[in-house]
Amino acid sequence: MPQLGFLRESYTNNILNYSNNKLIKVLVGQRRSGKNYLLRQIAHYFIKNGVHPKNIFYINKEFIDFDFITHYKDLEKLVKLYKAKLKPKGKIYLFIDEIQNIAEWERFVNSYSQDFTEDYELYISGSNSKMFSGELATLLSGRYVSFEIFPFSFVEYANITHQEINRQTYISYMESGGLPELFVLPDEETKRHYTASVKDTVLLRGIIQRYAIKDPKLLEDIFVYLVNNASNLLSVNNIANYFKSKGRKTTYDTVANYINYIEDTFLIHKAERYDIKGKETISGNCKYYSNDLSYKNYLYSGFGYGVGYMLENLVYLELLHAGYKVFVGAMLNKEIDFVAKKADRLMYVQSAYLLLDKATINREYASLEAIKDNYEKIVVSLDEVQFPQNKGIKHIQAWQLHSFLLNN
């Protein structure tokens, strides 16, 4: 087997719950977030549990060995060659990493997943949400289940660095990031270069080449702007006006398109506003959060960006990790950091750096107290002491949030 990397059992266990059927298993997420390692870990699981290695077909379209596969017909020829040479018996497991680099890939996937003359099970991955979101339902006719893969979470960070789950470890995580390769690099300078190369690769290969971007510098500057304004309410109009005020020639449509492209690569996530009273999303202003704090920490650390904003970004990511759909809450003249929804569960979440005094506590709790329904309400902070429940509102220390979401 090739290298398996750090075993991410929370992902593999979840994905394997959907194994042994005709559903196409789709892993989506930013480049270098560990999708290829997860595919290998799943393949390894099957081999360890009795599947013959000859029944595992695995390719990574980012390897130059597979540059000749540009069209789904090339992939089909390779699979036929594999079957002719290795003669696997029984079910064949097809693993195709970064499949979006193969033209008309969906024709291959649909055909093989629904082949009732031979038994195939497909696991595919991709780094462009356009191809793995609304379009996926159309392309794959609903015969799939998707999993979003993130860089390492705090708990994964603590495990891979052999540190305890505590406040200091959480702060160390906050000051670094979760890109998997960071943990094998020797020093800060190398980590900075690596983070820059990930960012450049995603922008270049994921956006600039794909969409023939006319102003690559503006694209990168918009990314920098979004990273450094994470947790702030923004609108496309305000961002366009900001760049115009700096003498940049651009339009609302260009800025809107560039932001959409950046979102499509999973570098940035958009949190829409949610009207708590009306129970519906509100168009206009929204917030953007970075997919990993390494971009802020290693590339743009010179910009003013408080710990409170970084904590808010991490709380947002932890909620996404746990499978919640996350919105920014709006109610009259008050704002709730997050409205988190998952199946029948709804939760209101306020993020605060430190609950230093009574005035701070009153301010952070007031917005939650103003909500009159009975859904769960929590405040997450970096305080060393855990505060007792207050008017039904629970206080969670940031490094315990994962455990709280898992067990409640």
# chains A, B, ... in the order shown; residues from 1 in each chain; ligands from 1

call {"tool": "residues_around", "arguments": {"residues": "Val28 of chain A", "least_positions_apart": "5", "cutoff": "12 Å", "atoms": "only C-alpha atoms", "output": "PyMOL selection string"}}
result
chain A and resi 33-36+38-39+97-100+123-133+136+145-151+264-266

call {"tool": "write_last_selection", "arguments": {"atoms": "C-alpha atoms", "output": "PDB file, in the first residue's frame"}}
result
ATOM      1  CA  SER A  33      -7.018  18.822   2.499  1.00  0.00           C
ATOM      2  CA  GLY A  34      -6.292  15.077   2.567  1.00  0.00           C
ATOM      3  CA  LYS A  35      -8.871  13.573   0.184  1.00  0.00           C
ATOM      4  CA  ASN A  36      -6.324  11.331  -1.567  1.00  0.00           C
ATOM      5  CA  LEU A  38      -8.720   9.197   2.752  1.00  0.00           C
ATOM      6  CA  LEU A  39      -9.311   7.296  -0.484  1.00  0.00           C
ATOM      7  CA  ASP A  97      -8.983  11.098  -7.209  1.00  0.00           C
ATOM      8  CA  GLU A  98      -9.457  14.640  -8.620  1.00  0.00           C
ATOM      9  CA  ILE A  99     -11.904  13.324 -11.188  1.00  0.00           C
ATOM     10  CA  GLN A 100     -12.905  16.830 -12.287  1.00  0.00           C
ATOM     11  CA  TYR A 123     -15.289   6.327  -4.695  1.00  0.00           C
ATOM     12  CA  ILE A 124     -14.397   9.638  -6.352  1.00  0.00           C
ATOM     13  CA  SER A 125     -13.002  12.974  -5.193  1.00  0.00           C
ATOM     14  CA  GLY A 126     -12.867  16.516  -6.519  1.00  0.00           C
ATOM     15  CA  SER A 127     -11.786  20.039  -5.617  1.00  0.00           C
ATOM     16  CA  ASN A 128     -14.398  22.150  -7.358  1.00  0.00           C
ATOM     17  CA  SER A 129     -17.765  22.611  -5.698  1.00  0.00           C
ATOM     18  CA  LYS A 130     -19.463  23.627  -8.962  1.00  0.00           C
ATOM     19  CA  MET A 131     -19.008  20.052 -10.132  1.00  0.00           C
ATOM     20  CA  PHE A 132     -19.900  18.574  -6.755  1.00  0.00           C
ATOM     21  CA  SER A 133     -22.899  20.544  -5.553  1.00  0.00           C
ATOM     22  CA  LEU A 136     -23.925  16.712  -8.978  1.00  0.00           C
ATOM     23  CA  VAL A 145     -23.693  10.536  -1.289  1.00  0.00           C
ATOM     24  CA  SER A 146     -21.173  13.347  -0.738  1.00  0.00           C
ATOM     25  CA  PHE A 147     -18.751  14.127   2.102  1.00  0.00           C
ATOM     26  CA  GLU A 148     -16.970  17.455   2.528  1.00  0.00           C
ATOM     27  CA  ILE A 149     -13.358  16.982   3.648  1.00  0.00           C
ATOM     28  CA  PHE A 150     -11.704  19.770   5.650  1.00  0.00           C
ATOM     29  CA  PRO A 151      -8.104  20.322   6.757  1.00  0.00           C
ATOM     30  CA  ASP A 264     -15.989  26.948  -5.595  1.00  0.00           C
ATOM     31  CA  THR A 265     -12.446  25.891  -4.669  1.00  0.00           C
ATOM     32  CA  PHE A 266     -13.416  25.641  -0.958  1.00  0.00           C
TER      33      PHE A 266
END

call {"tool": "select_by_dssp", "arguments": {"residues": "segment 10-111 of chain A", "states": "alpha helix (DSSP H)", "output": "ChimeraX atom specification"}}
result
/A:10-16,35-48,72-86,105-111

call {"tool": "residues_around", "arguments": {"residues": "segment 46-48 of chain A", "least_positions_apart": "6", "cutoff": "10 Å", "atoms": "only C-alpha atoms", "output": "NGL selection string"}}
result
:A and (1 or 16 or 40 or 54-56 or 93)

call {"tool": "residues_around", "arguments": {"residues": "Asn237 of chain A", "least_positions_apart": "3", "cutoff": "7 Å", "atoms": "only C-alpha atoms", "output": "ChimeraX atom specification"}}
result
/A:240-241,252

call {"tool": "write_last_selection", "arguments": {"atoms": "N, CA and C atoms", "output": "PDB file, in the first residue's frame"}}
result
ATOM      1  N   ALA A 240     -16.600  45.658  -4.121  1.00  0.00           N
ATOM      2  CA  ALA A 240     -16.313  46.296  -5.417  1.00  0.00           C
ATOM      3  C   ALA A 240     -15.956  47.764  -5.214  1.00  0.00           C
ATOM      4  N   ASN A 241     -16.706  48.451  -4.356  1.00  0.00           N
ATOM      5  CA  ASN A 241     -16.429  49.879  -4.098  1.00  0.00           C
ATOM      6  C   ASN A 241     -15.079  50.067  -3.424  1.00  0.00           C
ATOM      7  N   TYR A 252     -19.043  45.309 -10.502  1.00  0.00           N
ATOM      8  CA  TYR A 252     -19.771  44.465  -9.540  1.00  0.00           C
ATOM      9  C   TYR A 252     -19.772  43.022 -10.018  1.00  0.00           C
TER      10      TYR A 252
END

call {"tool": "closest_residue", "arguments": {"among": "A:Ala256, A:Leu78, A:Ile208, A:Leu355", "to": "Ile222 of chain A", "atoms": "only C-alpha atoms"}}
result
A:Ala256

call {"tool": "residues_around", "arguments": {"residues": "Ile282 of chain A", "least_positions_apart": "5", "cutoff": "8 Å", "atoms": "only C-alpha atoms", "output": "list of chain:residue names"}}
result
A:Glu272, A:Arg273, A:Tyr274, A:Asp275

call {"tool": "write_last_selection", "arguments": {"atoms": "C-alpha atoms", "output": "PDB file, in the first residue's frame"}}
result
ATOM      1  CA  GLU A 272     -25.661  33.807   4.681  1.00  0.00           C
ATOM      2  CA  ARG A 273     -27.777  35.803   7.109  1.00  0.00           C
ATOM      3  CA  TYR A 274     -30.786  34.075   8.634  1.00  0.00           C
ATOM      4  CA  ASP A 275     -33.858  35.872   9.932  1.00  0.00           C
TER       5      ASP A 275
END

call {"tool": "residues_around", "arguments": {"residues": "segment 171-179 of chain A", "least_positions_apart": "3", "cutoff": "8 Å", "atoms": "only C-alpha atoms", "output": "mmCIF file with C-alpha atoms, in the first residue's frame"}}
result
data_model
loop_
_atom_site.group_PDB
_atom_site.id
_atom_site.type_symbol
_atom_site.label_atom_id
_atom_site.label_comp_id
_atom_site.auth_asym_id
_atom_site.auth_seq_id
_atom_site.Cartn_x
_atom_site.Cartn_y
_atom_site.Cartn_z
ATOM 1 C CA ARG A 32 -4.364 19.407 -0.151
ATOM 2 C CA SER A 33 -7.018 18.822 2.499
ATOM 3 C CA PRO A 151 -8.104 20.322 6.757
ATOM 4 C CA PHE A 152 -7.346 18.854 10.195
ATOM 5 C CA SER A 153 -9.757 19.838 12.963
ATOM 6 C CA PHE A 154 -8.503 20.850 16.410
ATOM 7 C CA TYR A 157 -4.329 18.485 15.316
ATOM 8 C CA ARG A 167 -6.481 25.723 26.081
ATOM 9 C CA GLN A 168 -2.796 26.017 25.183
ATOM 10 C CA LEU A 182 2.167 21.411 7.620
ATOM 11 C CA PHE A 183 2.827 18.743 10.248
ATOM 12 C CA ASP A 292 -8.092 27.187 7.211
ATOM 13 C CA LEU A 293 -6.334 29.778 9.384
ATOM 14 C CA SER A 294 -2.928 28.893 7.867
ATOM 15 C CA ASN A 297 -1.169 32.993 9.927
ATOM 16 C CA TYR A 298 1.540 32.292 7.346
ATOM 17 C CA MET A 310 -9.935 33.858 14.622
ATOM 18 C CA LEU A 311 -11.929 32.050 17.300
ATOM 19 C CA LEU A 314 -12.662 28.196 14.083
#
